[in-house]
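File shown here: run_12.cif, holding mmCIF, C-alpha atoms.
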```cif
data_target
loop_
_atom_site.label_atom_id
_atom_site.label_comp_id
_atom_site.auth_asym_id
_atom_site.auth_seq_id
_atom_site.Cartn_x
_atom_site.Cartn_y
_atom_site.Cartn_z
CA MET A 4 110.38 206.10 74.83
CA THR A 5 108.10 203.30 73.96
CA TYR A 6 108.89 199.68 73.78
CA GLN A 7 108.39 199.50 70.05
CA ASN A 8 111.05 202.08 69.34
CA VAL A 9 113.95 200.05 70.73
CA PRO A 10 115.71 198.14 67.93
CA ALA A 11 116.02 194.42 68.58
CA PRO A 12 119.68 193.36 69.01
CA VAL A 13 121.17 191.33 66.18
CA ALA A 14 123.01 188.98 68.55
CA PRO A 15 122.07 189.06 72.24
CA GLU A 16 125.66 188.05 73.30
CA ILE A 17 126.90 191.43 72.20
CA ASN A 18 125.71 192.88 75.47
CA LEU A 19 127.83 190.47 77.53
CA GLY A 20 131.10 192.10 76.53
CA ASP A 21 134.27 190.36 77.85
CA SER A 22 132.51 188.32 80.51
CA PHE A 23 132.96 184.94 78.71
CA VAL A 24 135.28 183.22 76.29
CA THR A 25 134.73 180.31 73.96
CA THR A 26 137.08 177.33 73.83
CA ARG A 27 137.17 173.56 73.36
CA VAL A 28 136.77 171.04 76.18
CA ASP A 29 140.13 169.42 75.44
CA ALA A 30 141.95 172.72 75.55
CA VAL A 31 140.59 173.76 78.91
CA VAL A 32 140.98 170.30 80.48
CA ASN A 33 144.55 169.97 79.25
CA TRP A 34 145.33 173.46 80.48
CA GLY A 35 144.27 172.41 83.96
CA ARG A 36 146.02 169.05 83.91
CA ARG A 37 149.22 170.42 82.45
CA ASN A 38 149.69 173.23 84.90
CA SER A 39 148.83 171.45 88.12
CA LEU A 40 150.76 168.19 88.12
CA TRP A 41 150.94 166.68 91.58
CA PRO A 42 154.06 164.54 91.77
CA PHE A 43 154.54 161.42 93.87
CA PRO A 44 158.29 160.85 94.29
CA PHE A 45 159.33 157.18 94.33
CA GLY A 46 162.85 158.02 95.40
CA THR A 47 165.16 155.07 96.01
CA ALA A 48 168.62 156.51 95.36
CA CYS A 49 170.62 159.65 94.63
CA CYS A 50 168.26 160.87 91.89
CA ALA A 51 165.80 161.59 94.68
CA ILE A 52 168.29 164.12 96.07
CA GLU A 53 168.16 165.90 92.72
CA PHE A 54 164.38 165.85 92.96
CA MET A 55 164.64 167.63 96.31
CA GLY A 56 166.80 170.19 94.49
CA ILE A 57 164.18 170.98 91.87
CA VAL A 58 161.39 171.22 94.42
CA SER A 59 163.27 173.66 96.62
CA SER A 60 163.66 177.35 95.97
CA VAL A 61 166.73 177.53 93.73
CA PHE A 62 165.24 175.64 90.78
CA ASP A 63 161.65 175.91 91.97
CA VAL A 64 159.45 173.51 90.07
CA SER A 65 156.41 175.54 91.12
CA ARG A 66 157.18 177.81 88.17
CA PHE A 67 155.81 174.89 86.13
CA GLY A 68 152.96 174.16 88.49
CA ALA A 69 154.26 170.82 89.77
CA GLU A 70 155.35 171.75 93.25
CA LEU A 71 152.63 170.08 95.32
CA VAL A 72 154.41 166.87 96.29
CA ARG A 73 152.01 164.21 97.56
CA PHE A 74 153.14 161.16 99.46
CA SER A 75 150.00 159.24 98.75
CA PRO A 76 149.57 157.80 95.25
CA ARG A 77 145.82 158.35 95.53
CA GLN A 78 146.34 162.11 95.53
CA ALA A 79 149.02 162.30 92.85
CA ASP A 80 148.91 162.17 89.08
CA LEU A 81 152.64 162.24 88.28
CA LEU A 82 154.81 159.34 89.41
CA ILE A 83 158.51 160.20 89.43
CA ILE A 84 160.78 157.17 89.81
CA ALA A 85 164.11 158.54 90.97
CA GLY A 86 166.58 155.78 91.65
CA THR A 87 167.41 152.10 91.31
CA VAL A 88 164.54 149.62 91.45
CA THR A 89 165.22 146.02 92.38
CA TYR A 90 163.08 143.00 91.62
CA LYS A 91 162.19 142.80 95.29
CA GLN A 92 160.73 146.31 95.05
CA ALA A 93 159.01 145.79 91.73
CA PRO A 94 155.63 144.60 93.11
CA VAL A 95 155.59 147.63 95.43
CA LEU A 96 156.12 150.01 92.52
CA ARG A 97 153.47 148.25 90.47
CA ARG A 98 151.01 148.54 93.32
CA ILE A 99 151.71 152.24 93.82
CA TYR A 100 151.12 152.85 90.12
CA GLU A 101 147.85 150.95 90.24
CA GLN A 102 146.67 153.01 93.19
CA MET A 103 147.02 156.28 91.28
CA CYS A 104 143.86 157.72 89.79
CA GLU A 105 143.68 158.42 86.08
CA PRO A 106 144.89 160.46 84.35
CA ARG A 107 148.40 159.54 85.48
CA TRP A 108 151.84 160.02 84.03
CA VAL A 109 155.22 158.51 84.81
CA ILE A 110 158.67 160.09 84.62
CA SER A 111 161.63 157.75 84.82
CA ALA A 112 164.45 159.87 86.23
CA GLY A 113 168.04 158.89 85.65
CA ALA A 114 170.00 155.98 84.25
CA CYS A 115 169.01 153.40 86.86
CA ALA A 116 165.27 153.81 86.55
CA SER A 117 165.44 154.04 82.76
CA SER A 118 167.81 151.16 82.01
CA GLY A 119 169.17 149.69 85.22
CA GLY A 120 172.22 151.92 84.87
CA PHE A 121 175.48 150.20 85.66
CA TYR A 122 173.72 147.60 87.82
CA ASP A 123 173.89 144.86 85.24
CA CYS A 124 173.22 142.15 87.79
CA TYR A 125 170.88 139.54 89.18
CA CYS A 126 168.77 141.80 91.38
CA THR A 127 168.19 145.09 89.49
CA VAL A 128 165.31 145.72 87.12
CA PRO A 129 166.81 146.78 83.77
CA GLY A 130 164.46 149.71 83.29
CA ILE A 131 161.17 150.22 85.09
CA ASP A 132 159.27 150.01 81.82
CA GLU A 133 159.37 146.25 82.46
CA ILE A 134 156.88 146.92 85.24
CA ILE A 135 154.87 150.08 84.46
CA PRO A 136 154.40 152.28 81.37
CA VAL A 137 156.68 155.32 81.20
CA ASP A 138 155.96 158.67 79.55
CA ILE A 139 159.25 160.55 79.84
CA TYR A 140 162.79 159.26 80.39
CA ILE A 141 165.49 161.55 81.78
CA ALA A 142 169.12 160.75 81.01
CA GLY A 143 171.90 161.39 83.50
CA CYS A 144 173.46 159.85 86.56
CA PRO A 145 171.94 161.70 88.32
CA PRO A 146 170.22 164.13 85.92
CA ARG A 147 170.86 167.86 86.30
CA PRO A 148 167.95 169.86 87.73
CA GLU A 149 167.59 171.52 84.34
CA ALA A 150 166.99 168.09 82.83
CA PHE A 151 164.30 167.44 85.43
CA LEU A 152 162.58 170.72 84.56
CA GLU A 153 162.92 169.96 80.85
CA SER A 154 161.19 166.63 81.43
CA ILE A 155 158.24 168.40 83.03
CA VAL A 156 158.03 170.79 80.08
CA GLN A 157 158.13 167.83 77.72
CA LEU A 158 155.41 166.11 79.70
CA GLN A 159 153.27 169.25 79.52
CA LYS A 160 153.63 169.22 75.75
CA LYS A 161 152.62 165.58 75.74
CA ILE A 162 149.57 166.29 77.89
CA ASP A 163 148.57 169.03 75.47
CA LYS A 164 148.30 166.47 72.67
CA GLU A 165 145.97 164.25 74.67
CA SER A 166 142.22 164.52 74.22
CA LEU A 167 139.74 163.91 77.00
CA VAL A 168 136.91 163.72 74.49
CA GLU A 169 138.71 161.00 72.53
CA GLN A 170 139.60 159.09 75.71
CA ARG A 171 135.98 159.16 76.86
CA THR A 172 134.41 158.32 73.52
CA VAL A 173 136.92 155.79 72.24
CA GLY A 174 137.48 154.46 75.72
CA ILE A 175 141.28 154.41 75.82
CA MET B 29 164.62 131.67 124.72
CA ILE B 30 168.36 131.77 124.31
CA ALA B 31 170.18 134.06 126.68
CA HIS B 32 172.75 136.05 124.78
CA ARG B 33 175.64 137.29 126.77
CA THR B 34 176.07 141.02 126.52
CA GLN B 35 179.28 142.66 127.47
CA ILE B 36 179.53 146.41 127.71
CA PRO B 37 183.06 147.72 128.10
CA ASN B 38 183.63 150.11 130.94
CA GLY B 39 186.90 151.90 131.30
CA PRO B 40 189.58 152.56 128.70
CA ILE B 41 190.41 150.10 125.92
CA GLN B 42 193.25 147.85 127.00
CA PRO B 43 196.09 146.66 124.79
CA GLY B 44 195.26 142.92 124.71
CA PHE B 45 197.20 140.30 122.77
CA THR B 46 199.35 140.80 119.72
CA ASN B 47 198.69 138.72 116.61
CA GLU B 48 201.67 136.47 117.36
CA GLN B 49 200.43 135.82 120.88
CA LEU B 50 196.96 134.95 119.59
CA VAL B 51 198.41 132.52 117.05
CA THR B 52 200.52 130.82 119.73
CA LEU B 53 197.66 130.62 122.19
CA LEU B 54 195.10 129.22 119.78
CA SER B 55 197.43 126.84 117.98
CA GLU B 56 198.46 125.31 121.31
CA ARG B 57 194.91 124.99 122.57
CA PHE B 58 192.97 124.08 119.41
CA GLY B 59 195.63 123.41 116.80
CA LEU B 60 194.53 126.33 114.61
CA THR B 61 196.89 127.40 111.85
CA ARG B 62 197.39 130.82 110.37
CA ASP B 63 195.97 131.26 106.88
CA ALA B 64 198.85 131.92 104.49
CA SER B 65 196.75 134.29 102.39
CA ASP B 66 195.65 136.76 105.06
CA HIS B 67 196.58 140.30 104.12
CA TRP B 68 194.88 142.52 106.64
CA ASP B 69 193.45 140.92 109.74
CA LEU B 70 194.85 137.87 111.43
CA THR B 71 193.08 134.84 109.89
CA LEU B 72 193.12 131.42 111.53
CA VAL B 73 191.90 128.29 109.77
CA CYS B 74 189.48 126.27 111.88
CA GLN B 75 187.72 122.94 111.36
CA ALA B 76 183.93 123.01 111.18
CA GLU B 77 183.66 120.45 114.00
CA GLN B 78 185.58 122.59 116.47
CA LEU B 79 184.13 125.97 115.41
CA ARG B 80 181.62 126.27 118.23
CA ASP B 81 184.19 125.33 120.90
CA VAL B 82 186.71 127.82 119.55
CA VAL B 83 184.19 130.64 119.31
CA LYS B 84 182.80 129.93 122.76
CA TYR B 85 186.33 130.01 124.17
CA LEU B 86 187.13 133.26 122.36
CA ARG B 87 183.96 134.86 123.69
CA ASP B 88 184.04 133.65 127.28
CA GLU B 89 187.76 133.70 128.15
CA PRO B 90 188.25 136.95 130.11
CA THR B 91 191.69 137.64 128.66
CA LEU B 92 190.28 137.39 125.11
CA SER B 93 186.61 138.47 125.37
CA PHE B 94 185.72 138.63 121.69
CA ALA B 95 182.28 140.00 122.43
CA MET B 96 181.42 141.00 118.89
CA LEU B 97 180.81 138.86 115.82
CA LEU B 98 181.14 141.44 113.06
CA ASP B 99 179.94 139.42 110.11
CA VAL B 100 179.61 135.99 108.52
CA VAL B 101 181.20 136.09 105.08
CA GLY B 102 180.99 133.46 102.38
CA VAL B 103 183.71 132.91 99.77
CA ASP B 104 183.45 130.89 96.59
CA TYR B 105 186.88 129.71 95.41
CA LEU B 106 185.61 128.20 92.16
CA ALA B 107 188.24 128.85 89.47
CA TYR B 108 190.36 130.78 91.95
CA PRO B 109 193.97 130.63 90.75
CA GLY B 110 196.02 128.09 92.68
CA HIS B 111 193.18 126.98 94.96
CA ARG B 112 193.13 123.22 95.53
CA SER B 113 191.11 122.52 98.67
CA GLU B 114 187.36 122.80 99.35
CA ARG B 115 185.31 125.10 97.14
CA PHE B 116 183.72 127.36 99.76
CA ALA B 117 184.94 129.14 102.87
CA VAL B 118 183.08 130.94 105.63
CA LEU B 119 184.86 133.75 107.46
CA TYR B 120 183.94 134.98 110.92
CA PRO B 121 185.52 138.37 111.67
CA MET B 122 185.49 138.99 115.42
CA LYS B 123 186.41 141.90 117.59
CA SER B 124 186.98 142.52 121.26
CA LEU B 125 185.34 145.59 122.71
CA VAL B 126 187.66 145.60 125.73
CA PHE B 127 190.98 144.81 124.09
CA ARG B 128 192.49 146.06 120.88
CA HIS B 129 192.59 142.74 119.10
CA ARG B 130 190.68 141.40 116.13
CA LEU B 131 190.59 137.97 114.61
CA VAL B 132 189.08 136.20 111.61
CA LEU B 133 188.18 132.52 111.81
CA LYS B 134 188.08 130.72 108.47
CA VAL B 135 186.23 127.46 107.94
CA MET B 136 186.63 125.60 104.64
CA VAL B 137 183.35 124.12 103.40
CA ASP B 138 182.97 121.12 101.17
CA GLU B 139 180.80 121.61 98.08
CA ASP B 140 178.73 118.41 98.46
CA ALA B 141 177.63 118.67 102.09
CA CYS B 142 177.98 122.46 102.18
CA VAL B 143 177.20 122.71 105.89
CA VAL B 144 178.78 124.48 108.88
CA PRO B 145 177.49 124.79 112.45
CA SER B 146 175.40 127.82 113.25
CA LEU B 147 176.64 130.35 115.79
CA PHE B 148 173.14 131.55 116.57
CA GLU B 149 173.28 130.27 120.14
CA LEU B 150 176.47 132.22 120.81
CA TYR B 151 175.84 135.48 118.97
CA LYS B 152 172.50 137.02 118.13
CA SER B 153 174.11 138.88 115.22
CA ALA B 154 174.78 135.52 113.55
CA GLU B 155 171.10 135.05 112.75
CA TRP B 156 170.78 137.50 109.88
CA ALA B 157 174.42 137.18 108.81
CA GLU B 158 174.00 133.42 108.36
CA ARG B 159 170.71 133.90 106.57
CA GLU B 160 172.45 136.22 104.13
CA THR B 161 175.31 133.78 103.58
CA TRP B 162 172.87 130.96 102.90
CA ASP B 163 170.89 133.20 100.56
CA GLN B 164 173.90 134.27 98.51
CA TYR B 165 176.09 131.13 98.62
CA GLY B 166 173.84 128.23 99.59
CA ILE B 167 175.93 127.28 102.61
CA ILE B 168 173.69 125.61 105.21
CA PHE B 169 174.12 126.55 108.87
CA ALA B 170 173.25 123.54 111.01
CA GLY B 171 171.08 124.49 113.97
CA HIS B 172 169.88 127.83 112.60
CA PRO B 173 166.28 128.44 113.73
CA ASN B 174 164.96 130.23 110.62
CA LEU B 175 167.23 129.82 107.63
CA LYS B 176 165.34 131.69 104.91
CA ARG B 177 166.40 134.24 102.36
CA LEU B 178 167.37 137.67 103.60
CA LEU B 179 168.36 139.84 100.63
CA ASN B 180 166.90 138.11 97.59
CA HIS B 181 163.17 137.76 97.18
CA HIS B 182 161.39 134.62 98.26
CA GLU B 183 160.69 133.40 94.74
CA PHE B 184 164.39 133.49 93.84
CA VAL B 185 165.93 130.21 92.68
CA GLY B 186 169.64 129.58 93.17
CA HIS B 187 172.37 131.42 95.00
CA PRO B 188 173.56 134.46 93.05
CA LEU B 189 177.04 135.00 94.51
CA ARG B 190 178.17 131.53 93.53
CA LYS B 191 180.66 131.90 90.70
CA ASP B 192 178.72 129.53 88.47
CA TYR B 193 175.47 131.51 88.77
CA PRO B 194 174.74 133.34 85.50
CA CYS B 195 174.88 136.85 86.91
CA GLN B 196 172.71 138.42 84.21
CA LYS B 197 169.87 135.98 84.76
CA ARG B 198 166.83 137.95 85.91
CA GLN B 199 164.22 136.47 88.21
CA LYS B 200 160.95 138.35 88.54
CA LEU B 201 158.93 138.53 91.71
CA SER B 202 155.15 138.27 91.44
CA MET B 203 154.16 139.09 95.01
CA ASN B 204 155.95 140.40 98.06
CA ASP B 205 156.63 138.19 101.03
CA PRO B 206 154.27 139.49 103.76
CA MET B 207 156.71 138.13 106.37
CA ILE B 208 153.95 136.71 108.51
CA ASP B 209 156.37 134.38 110.31
CA GLN B 210 158.48 137.33 111.50
CA LEU B 211 155.39 139.24 112.51
CA GLU B 212 154.03 136.29 114.46
CA ALA B 213 157.32 135.79 116.24
CA ARG B 214 157.33 139.45 117.21
CA LEU B 215 153.74 139.29 118.43
CA ARG B 216 154.46 136.15 120.45
CA SER B 217 157.43 137.84 122.08
CA LEU B 218 155.09 140.63 123.15
CA GLY B 219 152.72 138.14 124.75
CA TYR B 220 150.09 137.79 122.03
CA THR B 221 148.62 134.45 121.00
CA ILE B 222 147.82 133.61 117.38
CA LEU B 223 144.22 132.42 117.21
CA GLU B 224 143.53 132.48 113.47
CA ARG B 225 145.45 133.03 110.26
CA GLY B 226 144.17 134.99 107.28
CA GLU B 227 144.64 134.24 103.60
CA ALA B 228 147.90 136.12 103.23
CA SER B 229 149.79 133.80 105.56
CA VAL B 230 148.59 130.58 103.97
CA GLY B 231 150.29 129.09 100.96
CA GLN B 232 153.40 131.24 101.04
CA ALA B 233 156.14 129.50 99.13
CA ILE B 234 159.22 130.45 101.10
CA THR B 235 162.48 129.02 99.84
CA ARG B 236 164.47 127.26 102.46
CA PRO B 237 167.03 124.49 102.32
CA SER B 238 165.17 121.18 102.10
CA ALA B 239 166.31 120.17 105.57
CA VAL B 240 168.44 122.09 108.05
CA PRO B 241 170.29 119.58 110.22
CA SER B 242 170.39 120.37 113.90
CA ALA B 243 174.04 119.41 114.11
CA LEU B 244 176.96 118.59 111.86
CA PRO B 245 177.03 115.07 110.39
CA THR B 246 179.88 113.24 112.11
CA ALA B 247 182.27 110.99 110.23
CA GLY B 248 182.62 108.34 112.92
CA GLY B 249 178.88 107.88 113.47
CA LYS B 250 178.98 109.52 116.89
CA PRO B 251 175.98 111.70 117.73
#
```

Mind converting the file's structure to structure tokens?
Amino acid sequence: MTYQNVPAPVAPEINLGDSFVTTRVDAVVNWGRRNSLWPFPFGTACCAIEFMGIVSSVFDVSRFGAELVRFSPRQADLLIIAGTVTYKQAPVLRRIYEQMCEPRWVISAGACASSGGFYDCYCTVPGIDEIIPVDIYIAGCPPRPEAFLESIVQLQKKIDKESLVEQRTVGI
Amino acid sequence: MIAHRTQIPNGPIQPGFTNEQLVTLLSERFGLTRDASDHWDLTLVCQAEQLRDVVKYLRDEPTLSFAMLLDVVGVDYLAYPGHRSERFAVLYPMKSLVFRHRLVLKVMVDEDACVVPSLFELYKSAEWAERETWDQYGIIFAGHPNLKRLLNHHEFVGHPLRKDYPCQKRQKLSMNDPMIDQLEARLRSLGYTILERGEASVGQAITRPSAVPSALPTAGGKP
């Protein structure tokens, strides 16, 4: 067989078979971000007990890829505020949020974190969105573990709509 | 350094005085009267001038030995139905660890002066309890070494448990109190010397009463 007798391939990729896939940057980045959320629990009250429930084996948040709880904001990308926040704590919470690397998301778990709950008084922050931006609010006092898991699913859907390319080019 | 007397009970708890015996004893010695509105514990009304003497007697008398000051409680009687005397009251619940008796001393506090003597020299537990009562009610404790806010943040203005404080008024905090004064006191007690202060400890606006008197103002001009 001589060299001249071999027909030139129409597209050289055809020989690679299933060894690569094509996709968009946003899709693959969001896939990674969505399925490996590392939560930092800012637990100040009973909602934090519910958070322990979803992390442990019965409800098992690792099914959604968010089981790696970090107690340093520098290693986490999901801030979960579970409990009542007072004005005396507010600068601490703000500082923790500022220490987190981007991209970062915030879940406000339960009535107290979302609205102050029934603490309509001189010392309680009426909703942590006075201090930091919030992505997902969970209702309940405290919320059921199913509601916690639902909030993570909702956050994953929200992450899917984000675009790294847009954030980098537009500079959001 | 103030030496606080510590008393650890050994042996079984003894019966001690009944409420009636306590009332008789203290009314004969100090002229204390029983508060008509006490529902649970025995409450005796005491004048601010004699408070330290009474408490010292209750603590040091071996047959009484009230070794424990449980709390310092403020009360605001503003708009309280049927109340006609001074606006504030301070309650001192006390307990004996050896005997089975308890007692509450009640001091009525005038709104204008708003000052009672501090029990810091008698009970170490009075330090934080009095700080809290000043923080929440604005009652000044004469002779307290460090009367600053305990529960509310250091930028807070007013005293929130007063009945005329608008309870839904929010007061934001811009920066946490680094509590350098407490840290320095702790370091000094461990034998360290403060040579230099950094930026964080300078310019801290810590709310305190404008002047804490070392003793009660006396009516007759006596020191």

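Here the question is which of B:Val82, B:Leu125, B:Leu97, B:Met203 gets nearest to Glu158 (chain B) using only C-alpha atoms, and that residue is B:Leu97.
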
Inset, instruction - Give me the residues within 10 Å of region 68-75 of chain B as number ranges by chain, counting only C-alpha atoms and dropping any in the same chain fewer than 4 places off. - result: B: 46-48, 50-51, 54-55, 58-64, 79-80, 82, 117, 119-122, 129-137, 144

Legend entry - From A:Val137, A:Ala93, A:Ser59, A:Val13, residue lying nearest His181 (chain B) [only C-alpha atoms]: A:Ala93

Inset, instruction - Starting from the point (172.1, 134.6, 100.5), work out which residues of protein, DNA or RNA have an atom no more than 8 Å away when counting all atoms listed in the file; state them as a ChimeraX atom specification. - result: /B:159-166,177-180,187-189

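CA of Pro145 (chain B) to CA of Pro241 (chain B) spans 9.2 Å [interatomic distance, one decimal].
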
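All chain A residues having an atom within 7 Å of chain B, based on all atoms listed in the file, amount to A:Tyr90, A:Lys91, A:Pro94, A:Asp123, A:Cys124, A:Tyr125, A:Cys126.
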
Inset, instruction - Tell me which protein, DNA and RNA residues are within 8 Å of region 108-118 of chain A, counting all atoms listed in the file, leaving out same-chain ones fewer than 4 positions away, and put them as a PyMOL selection string. - result: chain A and resi 50+80-88+122+128-132+136-146+151+154

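Nearest-residue note for Glu105 (chain A): choosing from A:Asn38, A:Val32, A:Arg77, A:Thr127, the minimum distance belongs to A:Arg77, counting only C-alpha atoms.
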